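I have placed the structure first, in the form of structure tokens, so that the comments after it can refer back to it.
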Amino acid sequence: SRLVWSCRKCQAVAMVFAASTVLAACDPSSAFFGFMGVTSAIVFANLGAAYGTAKSGVGISSMGVMRPDLVMRSIIPVVMAGVLGIYGLITAVIINGKLDTPATYSSYSGYAHLGAGLTVGMSSLAAGLAIGIVGDAGVRANAQQPRLFVGMILILIFAEALGLYGLIVGLVVASTASEKGAGLCTSYAP
């Protein structure tokens with residue numbers, strides 16, 4: 001009887017182990033988070049680019065009334081703001097390429113792609129705010145004192161670097177999500 005009881009205990013342990021190794025079906029809503037990563041990357045990055053372009057453009061227009069010879073030299077903040085939109089576009093295309101069929105797309109991959117998109121989008125938004133404010137004040141000040149040009153450019157470079165940091169982290173997260181998220185669930189499709 002003692003041997004039978006120990007065999008039943010072994011069977012119970014084996015059943016618990018077998019149940020824990022069976023993968024759950026992939027959640028169909030996981031794809032939503034992946035697509036929200038695509039959306040947040042492009043939308044927030046473009047918001048930052050639009051704000052930076054608009055705010056700097058206002059400064060360039062105001063400065064151009066008195067010093068039209070400096071308008072082309074003062075376009076730099078607008079170009080730097082436009083690059084932020086490209087960061088969002090690159091990330092959105094890469095995340096979209098990594099999206100798997102919903103039947104095999106794990107929650108891990110969805111959350112990672114959302115995190116990657118938010119990282120790039122919000123970093124680009126912050127950089128766009130900084131570029132817009134510095135660009136507006138910088139081009140106006142440069143019209144009055146040309147020696148401020150180098151300082152303005154350095155500040156703009158550091159503001160742009162914020163978006164670049166977000167791009168690097170977002171691409172690392174998005175590119176490793178497919179490997180780490182593979183095999184975490186089984187297909188729910190028949």
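In the structure tokens, each chain is lettered A, B, ... as it comes, each chain's residues begin at 1, and ligands are numbered from 1 in order of appearance.
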
Give me the range 74-145 of chain A side of the contact with range 28-34 of chain A, cut-off 7 Å, one line per residue showing its nearest atom pair and distance in Å at one decimal, counting only C-alpha atoms, sorted by chain and residue number, as JSON lines.
{"residue": "A:Leu99", "atom": "CA", "partner": "A:Gly34", "partner_atom": "CA", "distance": 6.8}
{"residue": "A:Pro102", "atom": "CA", "partner": "A:Ala31", "partner_atom": "CA", "distance": 5.8}
{"residue": "A:Ala103", "atom": "CA", "partner": "A:Pro28", "partner_atom": "CA", "distance": 6.5}
{"residue": "A:Tyr105", "atom": "CA", "partner": "A:Ser30", "partner_atom": "CA", "distance": 6.6}
{"residue": "A:Ser106", "atom": "CA", "partner": "A:Ser30", "partner_atom": "CA", "distance": 6.3}
{"residue": "A:Ser107", "atom": "CA", "partner": "A:Ser30", "partner_atom": "CA", "distance": 5.0}
{"residue": "A:Gly110", "atom": "CA", "partner": "A:Gly34", "partner_atom": "CA", "distance": 4.4}
{"residue": "A:Tyr111", "atom": "CA", "partner": "A:Phe33", "partner_atom": "CA", "distance": 5.9}
{"residue": "A:His113", "atom": "CA", "partner": "A:Gly34", "partner_atom": "CA", "distance": 5.1}
{"residue": "A:Leu114", "atom": "CA", "partner": "A:Gly34", "partner_atom": "CA", "distance": 5.5}

- [ ] Excluding range 179-184 of chain A and any residue of its chain fewer than 3 positions from it, enumerate the residues within 6 Å of it, using only C-alpha atoms, and give them as an NGL selection string.
- [x] :A and (108-109 or 176)

- [ ] One decimal, Å: what's the distance from CA of Arg140 in chain A over to CA of Ala50 in chain A, could you say?
- [x]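 It comes out at 19.5 Å.
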
Open item on the list: For the alpha helix (DSSP H) assignment from backbone DSSP, which residues of range 18-186 of chain A qualify? Please present them as a ChimeraX atom specification.
Closed with: /A:18-21,30-66,76-98,107-144,149-181

Using the selection just defined, write its residues with C-alpha atoms as a short mmCIF file (atom, residue, chain, number, x, y, z; two decimals), in the first residue's frame.
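See result-v7.cif below for the written result:
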data_model
loop_
_atom_site.label_atom_id
_atom_site.label_comp_id
_atom_site.auth_asym_id
_atom_site.auth_seq_id
_atom_site.Cartn_x
_atom_site.Cartn_y
_atom_site.Cartn_z
CA ALA A 18 2.80 18.08 -17.76
CA ALA A 19 0.11 20.72 -17.25
CA SER A 20 2.72 23.41 -16.60
CA THR A 21 4.59 22.63 -19.82
CA SER A 30 -1.74 40.88 -28.44
CA ALA A 31 -1.60 42.19 -32.00
CA PHE A 32 -3.40 45.32 -30.79
CA PHE A 33 -0.39 46.23 -28.66
CA GLY A 34 1.98 45.67 -31.57
CA PHE A 35 -0.05 47.92 -33.82
CA MET A 36 -0.25 50.53 -31.07
CA GLY A 37 3.56 50.46 -31.03
CA VAL A 38 3.57 51.20 -34.76
CA THR A 39 1.03 53.98 -34.26
CA SER A 40 2.76 55.59 -31.28
CA ALA A 41 6.14 55.62 -33.00
CA ILE A 42 4.93 57.51 -36.05
CA VAL A 43 2.30 59.73 -34.38
CA PHE A 44 4.37 61.01 -31.46
CA ALA A 45 7.49 61.43 -33.59
CA ASN A 46 5.52 63.43 -36.14
CA LEU A 47 3.99 65.54 -33.37
CA GLY A 48 7.50 66.41 -32.22
CA ALA A 49 8.63 67.10 -35.77
CA ALA A 50 5.58 69.27 -36.47
CA TYR A 51 6.00 71.31 -33.30
CA GLY A 52 9.72 71.78 -33.87
CA THR A 53 9.13 72.83 -37.48
CA ALA A 54 6.28 75.20 -36.63
CA LYS A 55 7.96 76.87 -33.66
CA SER A 56 11.28 77.27 -35.49
CA GLY A 57 9.45 78.46 -38.61
CA VAL A 58 7.77 81.23 -36.66
CA GLY A 59 11.17 82.40 -35.42
CA ILE A 60 12.66 82.24 -38.92
CA SER A 61 9.76 84.23 -40.36
CA SER A 62 10.02 86.91 -37.68
CA MET A 63 13.78 87.14 -38.06
CA GLY A 64 13.55 87.15 -41.87
CA VAL A 65 11.69 90.44 -41.90
CA MET A 66 14.74 92.31 -40.62
CA ILE A 76 18.85 74.17 -39.65
CA PRO A 77 16.32 73.76 -36.78
CA VAL A 78 13.58 72.92 -39.30
CA VAL A 79 15.74 70.22 -40.90
CA MET A 80 16.64 68.77 -37.50
CA ALA A 81 12.97 68.67 -36.51
CA GLY A 82 12.11 66.90 -39.76
CA VAL A 83 14.61 64.15 -38.98
CA LEU A 84 12.54 63.26 -35.90
CA GLY A 85 9.65 62.25 -38.15
CA ILE A 86 12.03 59.96 -40.03
CA TYR A 87 12.97 58.27 -36.74
CA GLY A 88 9.29 57.46 -36.16
CA LEU A 89 8.86 56.24 -39.73
CA ILE A 90 11.87 53.92 -39.52
CA THR A 91 10.66 52.44 -36.23
CA ALA A 92 7.08 52.01 -37.42
CA VAL A 93 8.21 50.16 -40.55
CA ILE A 94 10.55 47.89 -38.57
CA ILE A 95 7.91 47.04 -35.95
CA ASN A 96 5.33 46.43 -38.68
CA GLY A 97 7.74 44.02 -40.37
CA LYS A 98 8.17 42.12 -37.09
CA SER A 107 1.79 38.97 -25.51
CA TYR A 108 5.50 39.49 -24.87
CA SER A 109 6.06 40.55 -28.48
CA GLY A 110 3.04 42.86 -28.39
CA TYR A 111 4.16 44.59 -25.21
CA ALA A 112 7.74 44.86 -26.45
CA HIS A 113 6.64 46.42 -29.72
CA LEU A 114 4.40 48.84 -27.84
CA GLY A 115 7.32 49.76 -25.59
CA ALA A 116 9.61 50.26 -28.59
CA GLY A 117 7.11 52.49 -30.34
CA LEU A 118 6.46 54.57 -27.24
CA THR A 119 10.19 54.91 -26.59
CA VAL A 120 10.91 56.32 -30.03
CA GLY A 121 7.73 58.37 -30.23
CA MET A 122 8.02 60.04 -26.84
CA SER A 123 11.76 60.66 -27.20
CA SER A 124 11.16 62.30 -30.57
CA LEU A 125 8.31 64.36 -29.13
CA ALA A 126 10.56 65.64 -26.35
CA ALA A 127 13.34 66.37 -28.82
CA GLY A 128 10.90 68.22 -31.07
CA LEU A 129 9.77 70.40 -28.19
CA ALA A 130 13.38 71.25 -27.36
CA ILE A 131 14.32 71.90 -30.99
CA GLY A 132 11.31 74.13 -31.51
CA ILE A 133 11.96 76.30 -28.47
CA VAL A 134 15.71 76.54 -29.05
CA GLY A 135 15.27 77.05 -32.78
CA ASP A 136 12.78 79.89 -32.31
CA ALA A 137 14.86 81.76 -29.75
CA GLY A 138 18.15 80.84 -31.41
CA VAL A 139 17.43 82.18 -34.89
CA ARG A 140 16.06 85.42 -33.47
CA ALA A 141 19.12 85.86 -31.27
CA ASN A 142 21.44 84.93 -34.14
CA ALA A 143 19.98 87.75 -36.21
CA GLN A 144 21.01 90.23 -33.53
CA PHE A 149 25.28 80.65 -34.18
CA VAL A 150 27.72 77.97 -32.99
CA GLY A 151 26.14 77.85 -29.54
CA MET A 152 22.68 77.50 -31.07
CA ILE A 153 23.85 74.62 -33.27
CA LEU A 154 25.42 72.82 -30.29
CA ILE A 155 22.21 73.11 -28.28
CA LEU A 156 20.20 71.82 -31.25
CA ILE A 157 22.56 68.85 -31.63
CA PHE A 158 22.07 67.87 -28.00
CA ALA A 159 18.32 68.23 -28.38
CA GLU A 160 18.38 66.01 -31.47
CA ALA A 161 20.45 63.46 -29.55
CA LEU A 162 17.48 62.86 -27.24
CA GLY A 163 15.49 61.56 -30.19
CA LEU A 164 18.45 59.51 -31.37
CA TYR A 165 18.77 57.84 -27.95
CA GLY A 166 15.12 56.84 -28.13
CA LEU A 167 15.59 55.50 -31.65
CA ILE A 168 18.52 53.30 -30.60
CA VAL A 169 16.71 51.84 -27.59
CA GLY A 170 13.48 51.37 -29.55
CA LEU A 171 15.22 49.51 -32.36
CA VAL A 172 17.04 47.24 -29.93
CA VAL A 173 13.80 46.39 -28.12
CA ALA A 174 11.85 45.87 -31.35
CA SER A 175 14.52 43.71 -32.96
CA THR A 176 14.95 41.39 -29.98
CA ALA A 177 11.22 41.03 -29.23
CA SER A 178 10.62 38.46 -31.97
CA GLU A 179 13.37 36.16 -30.72
CA LYS A 180 12.47 36.45 -27.04
CA GLY A 181 8.72 36.30 -27.68
#

Task: CA of Cys26 in chain A to CA of Thr104 in chain A, straight-line distance in Å - done: 5.9 Å

TODO: Name all residues at most 6 Å from Cys185 in chain A (count only C-alpha atoms; drop same-chain ones fewer than 4 positions away) and give them as a ChimeraX atom specification.
DONE: /A:23-26
